[in-house]
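> Structure supplied as query.pdb; contents: PDB, C-alpha atoms.
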ATOM      1  CA  MET A  32     -20.664   0.200   6.574  1.00  0.00           C
ATOM      2  CA  GLU A  33     -23.855   2.198   6.106  1.00  0.00           C
ATOM      3  CA  LYS A  34     -24.451   5.465   4.311  1.00  0.00           C
ATOM      4  CA  ALA A  35     -25.238   8.242   6.766  1.00  0.00           C
ATOM      5  CA  ASN A  36     -27.746  11.011   6.228  1.00  0.00           C
ATOM      6  CA  ASN A  37     -25.865  14.310   6.332  1.00  0.00           C
ATOM      7  CA  ASN A  38     -28.979  15.960   7.742  1.00  0.00           C
ATOM      8  CA  ASP A  39     -28.815  13.700  10.783  1.00  0.00           C
ATOM      9  CA  TYR A  40     -25.554  15.365  11.782  1.00  0.00           C
ATOM     10  CA  GLY A  41     -26.467  18.944  10.949  1.00  0.00           C
ATOM     11  CA  GLN A  42     -24.411  21.246   8.766  1.00  0.00           C
ATOM     12  CA  GLU A  43     -22.213  22.548  11.555  1.00  0.00           C
ATOM     13  CA  ARG A  44     -21.379  19.034  12.786  1.00  0.00           C
ATOM     14  CA  VAL A  45     -20.599  17.849   9.251  1.00  0.00           C
ATOM     15  CA  ARG A  46     -18.304  20.803   8.691  1.00  0.00           C
ATOM     16  CA  GLN A  47     -16.626  20.202  12.018  1.00  0.00           C
ATOM     17  CA  LEU A  48     -15.906  16.608  10.988  1.00  0.00           C
ATOM     18  CA  LEU A  49     -14.631  17.641   7.551  1.00  0.00           C
ATOM     19  CA  SER A  50     -12.396  20.303   9.090  1.00  0.00           C
ATOM     20  CA  GLY A  51     -10.039  17.537  10.216  1.00  0.00           C
ATOM     21  CA  VAL A  52      -9.035  16.982   6.565  1.00  0.00           C
ATOM     22  CA  PRO A  53      -6.619  19.613   5.140  1.00  0.00           C
ATOM     23  CA  PHE A  54      -8.094  19.387   1.615  1.00  0.00           C
ATOM     24  CA  PHE A  55     -11.589  20.318   2.788  1.00  0.00           C
ATOM     25  CA  ASN A  56     -10.143  23.103   4.938  1.00  0.00           C
ATOM     26  CA  GLU A  57      -8.303  24.575   1.972  1.00  0.00           C
ATOM     27  CA  ILE A  58     -11.419  24.725  -0.213  1.00  0.00           C
ATOM     28  CA  TYR A  59     -13.518  26.113   2.646  1.00  0.00           C
ATOM     29  CA  ARG A  60     -10.977  28.887   3.194  1.00  0.00           C
ATOM     30  CA  ASP A  61     -10.531  29.824  -0.468  1.00  0.00           C
ATOM     31  CA  ASP A  62     -13.923  29.409  -2.172  1.00  0.00           C
ATOM     32  CA  ALA A  63     -17.240  29.163  -0.324  1.00  0.00           C
ATOM     33  CA  GLU A  64     -19.212  28.184  -3.437  1.00  0.00           C
ATOM     34  CA  GLN A  65     -16.811  25.396  -4.297  1.00  0.00           C
ATOM     35  CA  PHE A  66     -16.894  24.162  -0.721  1.00  0.00           C
ATOM     36  CA  ASP A  67     -20.703  24.023  -0.815  1.00  0.00           C
ATOM     37  CA  LEU A  68     -20.483  21.921  -3.989  1.00  0.00           C
ATOM     38  CA  LEU A  69     -17.809  19.715  -2.453  1.00  0.00           C
ATOM     39  CA  GLU A  70     -19.863  19.266   0.691  1.00  0.00           C
ATOM     40  CA  ASN A  71     -22.959  18.347  -1.316  1.00  0.00           C
ATOM     41  CA  ASN A  72     -20.994  15.732  -3.282  1.00  0.00           C
ATOM     42  CA  THR A  73     -19.391  14.215  -0.185  1.00  0.00           C
ATOM     43  CA  ARG A  74     -20.973  11.046   1.158  1.00  0.00           C
ATOM     44  CA  LEU A  75     -20.787  10.197   4.837  1.00  0.00           C
ATOM     45  CA  TRP A  76     -20.560   6.622   6.077  1.00  0.00           C
ATOM     46  CA  VAL A  77     -20.825   5.133   9.551  1.00  0.00           C
ATOM     47  CA  ALA A  78     -19.354   1.787  10.558  1.00  0.00           C
ATOM     48  CA  GLY A  79     -19.407   0.076  13.935  1.00  0.00           C
ATOM     49  CA  SER A  80     -16.588  -1.563  15.852  1.00  0.00           C
ATOM     50  CA  GLY A  81     -15.126  -4.456  13.842  1.00  0.00           C
ATOM     51  CA  ASP A  82     -17.150  -3.630  10.704  1.00  0.00           C
ATOM     52  CA  GLU A  83     -15.560  -4.018   7.282  1.00  0.00           C
ATOM     53  CA  VAL A  84     -14.957  -0.750   5.411  1.00  0.00           C
ATOM     54  CA  ILE A  85     -13.042  -1.952   2.330  1.00  0.00           C
ATOM     55  CA  ARG A  86     -12.870  -5.490   0.968  1.00  0.00           C
ATOM     56  CA  ALA A  87      -9.766  -6.775  -0.826  1.00  0.00           C
ATOM     57  CA  GLY A  88     -10.462  -7.422  -4.505  1.00  0.00           C
ATOM     58  CA  ASP A  89     -13.056  -4.683  -4.966  1.00  0.00           C
ATOM     59  CA  VAL A  90     -12.466  -2.083  -7.682  1.00  0.00           C
ATOM     60  CA  ASP A  91     -13.986   1.400  -7.601  1.00  0.00           C
ATOM     61  CA  SER A  92     -13.136   5.059  -8.080  1.00  0.00           C
ATOM     62  CA  THR A  93     -13.779   6.157  -4.505  1.00  0.00           C
ATOM     63  CA  LEU A  94     -11.366   8.065  -2.286  1.00  0.00           C
ATOM     64  CA  TYR A  95     -12.081   7.868   1.433  1.00  0.00           C
ATOM     65  CA  PHE A  96     -11.217  10.087   4.388  1.00  0.00           C
ATOM     66  CA  LEU A  97     -11.440   8.949   7.989  1.00  0.00           C
ATOM     67  CA  LEU A  98     -13.182  11.644  10.024  1.00  0.00           C
ATOM     68  CA  ARG A  99     -13.593   9.898  13.374  1.00  0.00           C
ATOM     69  CA  GLY A 100     -12.482   6.608  14.912  1.00  0.00           C
ATOM     70  CA  GLN A 101      -9.635   4.299  13.926  1.00  0.00           C
ATOM     71  CA  LEU A 102      -9.274   1.765  11.117  1.00  0.00           C
ATOM     72  CA  GLU A 103      -7.028  -1.260  10.686  1.00  0.00           C
ATOM     73  CA  VAL A 104      -5.471  -2.387   7.402  1.00  0.00           C
ATOM     74  CA  LEU A 105      -5.430  -6.162   7.765  1.00  0.00           C
ATOM     75  CA  ALA A 106      -2.674  -8.581   6.794  1.00  0.00           C
ATOM     76  CA  ASP A 107      -3.394 -11.655   4.659  1.00  0.00           C
ATOM     77  CA  SER A 108      -3.275 -13.903   7.698  1.00  0.00           C
ATOM     78  CA  PRO A 109      -5.646 -13.271  10.636  1.00  0.00           C
ATOM     79  CA  ALA A 110      -2.803 -14.315  12.940  1.00  0.00           C
ATOM     80  CA  GLN A 111      -0.687 -11.352  11.855  1.00  0.00           C
ATOM     81  CA  PRO A 112      -1.070  -7.896  13.418  1.00  0.00           C
ATOM     82  CA  PRO A 113      -2.602  -5.113  11.301  1.00  0.00           C
ATOM     83  CA  LEU A 114      -0.324  -3.688   8.629  1.00  0.00           C
ATOM     84  CA  TYR A 115      -1.300  -0.120   9.389  1.00  0.00           C
ATOM     85  CA  TYR A 116      -3.683   1.978  11.470  1.00  0.00           C
ATOM     86  CA  VAL A 117      -5.629   4.780   9.775  1.00  0.00           C
ATOM     87  CA  SER A 118      -6.118   7.865  11.938  1.00  0.00           C
ATOM     88  CA  PRO A 119      -8.650  10.727  11.599  1.00  0.00           C
ATOM     89  CA  GLY A 120      -7.759  13.163   8.818  1.00  0.00           C
ATOM     90  CA  GLU A 121      -6.052  10.524   6.643  1.00  0.00           C
ATOM     91  CA  ALA A 122      -7.122   9.592   3.124  1.00  0.00           C
ATOM     92  CA  PHE A 123      -7.174   5.997   1.940  1.00  0.00           C
ATOM     93  CA  GLY A 124      -8.019   4.126  -1.251  1.00  0.00           C
ATOM     94  CA  THR A 125      -5.579   6.151  -3.332  1.00  0.00           C
ATOM     95  CA  LEU A 126      -3.947   3.555  -5.556  1.00  0.00           C
ATOM     96  CA  SER A 127      -7.048   1.645  -6.548  1.00  0.00           C
ATOM     97  CA  MET A 128      -8.688   4.975  -7.345  1.00  0.00           C
ATOM     98  CA  LEU A 129      -5.825   6.124  -9.599  1.00  0.00           C
ATOM     99  CA  LEU A 130      -4.867   2.864 -11.295  1.00  0.00           C
ATOM    100  CA  GLY A 131      -8.161   0.999 -11.411  1.00  0.00           C
ATOM    101  CA  THR A 132      -6.536  -1.928  -9.604  1.00  0.00           C
ATOM    102  CA  PRO A 133      -8.338  -4.124  -7.057  1.00  0.00           C
ATOM    103  CA  ARG A 134      -8.166  -3.155  -3.403  1.00  0.00           C
ATOM    104  CA  SER A 135      -5.306  -5.210  -2.010  1.00  0.00           C
ATOM    105  CA  ALA A 136      -6.274  -5.365   1.664  1.00  0.00           C
ATOM    106  CA  ASP A 137      -9.297  -5.523   3.918  1.00  0.00           C
ATOM    107  CA  ILE A 138      -9.860  -2.481   6.126  1.00  0.00           C
ATOM    108  CA  ARG A 139     -12.087  -2.600   9.186  1.00  0.00           C
ATOM    109  CA  VAL A 140     -12.967  -0.458  12.179  1.00  0.00           C
ATOM    110  CA  SER A 141     -10.658  -1.155  15.109  1.00  0.00           C
ATOM    111  CA  GLU A 142     -12.208  -3.148  17.918  1.00  0.00           C
ATOM    112  CA  SER A 143     -11.151  -0.375  20.294  1.00  0.00           C
ATOM    113  CA  ALA A 144     -13.274   2.190  18.423  1.00  0.00           C
ATOM    114  CA  ARG A 145     -17.000   2.413  19.093  1.00  0.00           C
ATOM    115  CA  GLU A 146     -17.634   3.553  15.535  1.00  0.00           C
ATOM    116  CA  ALA A 147     -15.959   5.241  12.577  1.00  0.00           C
ATOM    117  CA  VAL A 148     -17.270   8.136  10.495  1.00  0.00           C
ATOM    118  CA  ILE A 149     -15.921   8.218   6.948  1.00  0.00           C
ATOM    119  CA  ALA A 150     -16.295  10.657   4.051  1.00  0.00           C
ATOM    120  CA  SER A 151     -15.976   9.659   0.404  1.00  0.00           C
ATOM    121  CA  LEU A 152     -15.562  11.437  -2.915  1.00  0.00           C
ATOM    122  CA  ASP A 153     -15.832  10.112  -6.468  1.00  0.00           C
ATOM    123  CA  PHE A 154     -12.488  10.470  -8.237  1.00  0.00           C
ATOM    124  CA  ASN A 155     -14.258  10.809 -11.600  1.00  0.00           C
ATOM    125  CA  ASP A 156     -15.670  14.169 -10.516  1.00  0.00           C
ATOM    126  CA  PHE A 157     -12.112  15.520 -10.429  1.00  0.00           C
ATOM    127  CA  SER A 158     -10.530  13.593 -13.303  1.00  0.00           C
ATOM    128  CA  GLU A 159     -13.082  13.985 -16.079  1.00  0.00           C
ATOM    129  CA  ASP A 160     -12.960  16.915 -18.496  1.00  0.00           C
ATOM    130  CA  ASP A 161     -16.545  17.878 -17.613  1.00  0.00           C
ATOM    131  CA  SER A 162     -15.721  18.131 -13.913  1.00  0.00           C
ATOM    132  CA  PRO A 163     -18.158  20.255 -11.888  1.00  0.00           C
ATOM    133  CA  TYR A 164     -15.213  21.732  -9.987  1.00  0.00           C
ATOM    134  CA  THR A 165     -13.054  24.703 -10.898  1.00  0.00           C
ATOM    135  CA  LEU A 166      -9.466  24.362 -12.024  1.00  0.00           C
ATOM    136  CA  THR A 167      -8.285  25.655  -8.641  1.00  0.00           C
ATOM    137  CA  THR A 168     -10.231  23.005  -6.733  1.00  0.00           C
ATOM    138  CA  ARG A 169      -9.004  20.241  -9.012  1.00  0.00           C
ATOM    139  CA  LEU A 170      -5.426  21.438  -8.600  1.00  0.00           C
ATOM    140  CA  ALA A 171      -5.844  21.308  -4.821  1.00  0.00           C
ATOM    141  CA  PHE A 172      -7.217  17.770  -5.115  1.00  0.00           C
ATOM    142  CA  TYR A 173      -4.315  16.528  -7.216  1.00  0.00           C
ATOM    143  CA  HIS A 174      -1.764  18.318  -5.035  1.00  0.00           C
ATOM    144  CA  MET A 175      -3.224  16.393  -2.090  1.00  0.00           C
ATOM    145  CA  ILE A 176      -2.944  13.067  -3.928  1.00  0.00           C
ATOM    146  CA  VAL A 177       0.614  13.683  -5.132  1.00  0.00           C
ATOM    147  CA  HIS A 178       1.747  14.773  -1.677  1.00  0.00           C
ATOM    148  CA  HIS A 179       0.002  11.776  -0.100  1.00  0.00           C
ATOM    149  CA  ILE A 180       1.808   9.197  -2.263  1.00  0.00           C
ATOM    150  CA  ARG A 181       5.149  11.013  -2.387  1.00  0.00           C
ATOM    151  CA  TRP A 182       5.257  11.146   1.412  1.00  0.00           C
ATOM    152  CA  THR A 183       4.814   7.373   1.599  1.00  0.00           C
ATOM    153  CA  LEU A 184       7.573   6.859  -0.960  1.00  0.00           C
ATOM    154  CA  GLU A 185       9.871   9.162   1.002  1.00  0.00           C
ATOM    155  CA  VAL A 186       9.300   7.101   4.145  1.00  0.00           C
ATOM    156  CA  LYS A 187      10.234   3.985   2.186  1.00  0.00           C
ATOM    157  CA  ARG A 188      13.289   5.715   0.722  1.00  0.00           C
ATOM    158  CA  MET A 189      14.546   6.736   4.153  1.00  0.00           C
ATOM    159  CA  ALA A 190      14.129   3.178   5.369  1.00  0.00           C
ATOM    160  CA  ASN A 191      15.957   1.768   2.341  1.00  0.00           C
ATOM    161  CA  PRO A 192      18.001   4.548   0.644  1.00  0.00           C
ATOM    162  CA  ASN A 193      19.867   2.129  -1.642  1.00  0.00           C
ATOM    163  CA  HIS A 194      16.778   0.493  -3.081  1.00  0.00           C
ATOM    164  CA  GLU A 195      16.837   0.388  -6.883  1.00  0.00           C
ATOM    165  CA  LEU A 196      13.512   2.232  -7.115  1.00  0.00           C
ATOM    166  CA  VAL A 197      14.994   5.332  -5.465  1.00  0.00           C
ATOM    167  CA  GLN A 198      16.486   6.249  -8.834  1.00  0.00           C
ATOM    168  CA  SER A 199      13.069   5.859 -10.432  1.00  0.00           C
ATOM    169  CA  MET A 200      11.696   8.339  -7.903  1.00  0.00           C
ATOM    170  CA  ARG A 201      14.298  10.894  -8.943  1.00  0.00           C
ATOM    171  CA  LYS A 202      13.448  10.475 -12.608  1.00  0.00           C
ATOM    172  CA  LEU A 203       9.792  11.404 -12.199  1.00  0.00           C
ATOM    173  CA  PRO A 204       9.155  14.726 -13.979  1.00  0.00           C
ATOM    174  CA  VAL A 205       8.670  17.898 -11.949  1.00  0.00           C
ATOM    175  CA  PHE A 206       6.492  20.712 -13.296  1.00  0.00           C
ATOM    176  CA  HIS A 207       8.258  24.054 -13.837  1.00  0.00           C
ATOM    177  CA  GLY A 208       5.604  25.909 -15.802  1.00  0.00           C
ATOM    178  CA  GLU A 209       2.890  28.392 -14.857  1.00  0.00           C
ATOM    179  CA  LYS A 210       1.300  27.717 -11.493  1.00  0.00           C
ATOM    180  CA  GLY A 211      -2.481  27.491 -11.426  1.00  0.00           C
ATOM    181  CA  SER A 212      -2.684  26.555 -15.113  1.00  0.00           C
ATOM    182  CA  GLN A 213      -4.281  23.704 -17.027  1.00  0.00           C
ATOM    183  CA  GLU A 214      -0.746  22.580 -17.845  1.00  0.00           C
ATOM    184  CA  GLU A 215      -0.004  22.221 -14.138  1.00  0.00           C
ATOM    185  CA  LEU A 216      -3.119  20.072 -13.730  1.00  0.00           C
ATOM    186  CA  GLU A 217      -2.008  17.775 -16.541  1.00  0.00           C
ATOM    187  CA  ALA A 218       1.454  17.525 -14.990  1.00  0.00           C
ATOM    188  CA  LEU A 219      -0.041  16.641 -11.606  1.00  0.00           C
ATOM    189  CA  ARG A 220      -2.152  13.934 -13.212  1.00  0.00           C
ATOM    190  CA  GLU A 221       0.986  12.418 -14.743  1.00  0.00           C
ATOM    191  CA  GLN A 222       2.864  12.714 -11.465  1.00  0.00           C
ATOM    192  CA  ALA A 223       0.068  11.026  -9.526  1.00  0.00           C
ATOM    193  CA  GLN A 224      -0.057   8.172 -12.032  1.00  0.00           C
ATOM    194  CA  GLY A 225       3.722   7.724 -12.050  1.00  0.00           C
ATOM    195  CA  LEU A 226       4.004   7.857  -8.272  1.00  0.00           C
ATOM    196  CA  ALA A 227       1.144   5.382  -7.866  1.00  0.00           C
ATOM    197  CA  GLU A 228       2.730   2.910 -10.276  1.00  0.00           C
ATOM    198  CA  LEU A 229       6.077   3.258  -8.519  1.00  0.00           C
ATOM    199  CA  LEU A 230       4.554   2.715  -5.089  1.00  0.00           C
ATOM    200  CA  CYS A 231       2.739  -0.378  -6.342  1.00  0.00           C
ATOM    201  CA  ARG A 232       6.037  -1.800  -7.600  1.00  0.00           C
ATOM    202  CA  TRP A 233       7.727  -1.077  -4.279  1.00  0.00           C
ATOM    203  CA  ASN A 234       4.923  -2.583  -2.213  1.00  0.00           C
ATOM    204  CA  GLU A 235       4.752  -5.689  -4.400  1.00  0.00           C
ATOM    205  CA  GLU A 236       8.380  -6.411  -3.534  1.00  0.00           C
ATOM    206  CA  GLY A 237       7.404  -6.664   0.122  1.00  0.00           C
ATOM    207  CA  GLN A 238       9.784  -4.010   1.408  1.00  0.00           C
ATOM    208  CA  GLY A 239       8.139  -3.704   4.813  1.00  0.00           C
ATOM    209  CA  ASN A 240       4.635  -2.677   5.726  1.00  0.00           C
ATOM    210  CA  THR A 241       4.978   1.086   5.659  1.00  0.00           C
ATOM    211  CA  GLY A 242       2.602   2.497   3.097  1.00  0.00           C
ATOM    212  CA  ALA A 243       0.645  -0.736   2.638  1.00  0.00           C
ATOM    213  CA  LEU A 244      -2.479   1.363   3.068  1.00  0.00           C
ATOM    214  CA  GLN A 245      -1.762   3.010  -0.283  1.00  0.00           C
ATOM    215  CA  LEU A 246      -2.539  -0.241  -2.101  1.00  0.00           C
ATOM    216  CA  THR A 247      -6.175  -0.253  -1.097  1.00  0.00           C
TER     217      THR A 247
END
As structure tokens, how would this structure be written, given the file I've shared?


Amino acid sequence: MEKANNNDYGQERVRQLLSGVPFFNEIYRDDAEQFDLLENNTRLWVAGSGDEVIRAGDVDSTLYFLLRGQLEVLADSPAQPPLYYVSPGEAFGTLSMLLGTPRSADIRVSESAREAVIASLDFNDFSEDDSPYTLTTRLAFYHMIVHHIRWTLEVKRMANPNHELVQSMRKLPVFHGEKGSQEELEALREQAQGLAELLCRWNEEGQGNTGALQLT
């Protein structure tokens, strides 16, 4: 995977690619200055057919978004089919980003795709107290992360409604305070951490492949 020069695509093309991700769309719609900052801090990557995008065992604070192409989350054995296919608009790398755990699976560009275009953001820019982003942008970021993991857990719950971890899902705190506040941001941080830890526990038990992407 090679870093792309944003200028090679042109601003309009870059924005067209980013428009496939709801988070970028939300910031673009609500705050032009924040979107410009977000765009400037977004790195673009290009990978060819069959190229490795993420290597199992790596640890970093990067969140990725697939903008074009298709990716495969690989099983431990080359003889097994891919665990999951990543489609344009999806985020990946969530759990390693939140928990500081090693990536648990290799991800590569599907052989059927000529190339993949990927965007990445540094989680630290949103999690640190000296973040360059406004409270509103950081709230949108954490809402995206919480929704992303909770959706995967809900899919697992529907597939196995009597699993013991379903009760743990219901015990996770829900914020009832002032919307758009610093307190909501702190609550979302706690939710994201709790959901990530819960999803790791569920995945480690081998309850099917759904959501395996979240471990990367």

> Exactly which residues make up the result of the PyMOL selection byres ((chain A and resi 145-158) around 7) on this file, given as number ranges by chain?

A: 72-80, 92-101, 128, 140, 143-144, 159-160, 162-164, 169

> So what do you get for CA of Pro119 (chain A) versus CA of Tyr40 (chain A), distance-wise?

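One can read the CA of Pro119 (chain A) to CA of Tyr40 (chain A) distance as 17.5 Å.
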
> Quick one, how far is CA of Gln222 (chain A) from CA of Glu195 (chain A)?

19.2 Å

> Ranking A:Lys34, A:His174, A:Arg60, A:Arg46 by minimum distance to Glu217 (chain A) and counting all atoms listed in the file, which one comes first?

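Under the stated criterion, the closest residue is A:His174.
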
> So, counting all atoms listed in the file, which residue among A:Glu142, A:Leu48, A:Gln42, A:Gly131 is closest to Asp82 (chain A)?

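So, comparing all the options, the nearest one is A:Glu142.
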
> Of the residues A:Glu236, A:Leu170, A:Ala218, A:Pro53, which is the one nearest to His194 (chain A), using all atoms listed in the file?

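Residue with the minimum atom-to-atom distance to His194 (chain A): A:Glu236.
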
> I would like the residues chosen by the PyMOL selection byres ((chain A and resi 203) around 10) on the shown file; could you give them as a PyMOL selection string?

chain A and resi 198-202+204-206+221-222+225-226+229

> For the atom pair CA of Asn191 (chain A) and CA of Leu219 (chain A), what is the interatomic distance in Å to one decimal place?

25.9 Å

> May I have the protein, DNA and RNA residues with any atom at most 8 Å from the point (-7.5, -0.6, 11.2), counting all atoms listed in the file, written as a count of residues only?

13

> Env of Thr125 (chain A): 12 Å cut, atoms = all atoms listed in the file, seq-sep filter 4 positions within chain, self excluded. Answer as a ChimeraX atom specification.

/A:90-96,121,129-135,151-154,172-173,175-181,183,223-224,226-228,230-231,242-247

> Report the centre and edge lengths, in Å to one decimal, of an axis-aligned box enclosing every atom of region 105-124 of chain A listed in the file, padded by 3 Å on each side, as AutoDock Vina command-line options.


--center_x -4.5 --center_y -0.6 --center_z 6.1 --size_x 14.3 --size_y 33.5 --size_z 20.7

> Care to translate the PyMOL selection byres ((chain A and resi 65) around 12) into actual residues of this file, as a list of chain:residue names?

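Applied to this file, the PyMOL selection byres ((chain A and resi 65) around 12) returns A:Phe55, A:Asn56, A:Glu57, A:Ile58, A:Tyr59, A:Arg60, A:Asp61, A:Asp62, A:Ala63, A:Glu64, A:Phe66, A:Asp67, A:Leu68, A:Leu69, A:Glu70, A:Asn71, A:Asn72, A:Pro163, A:Tyr164, A:Thr165, A:Leu166, A:Thr167, A:Thr168, A:Arg169, A:Ala171.
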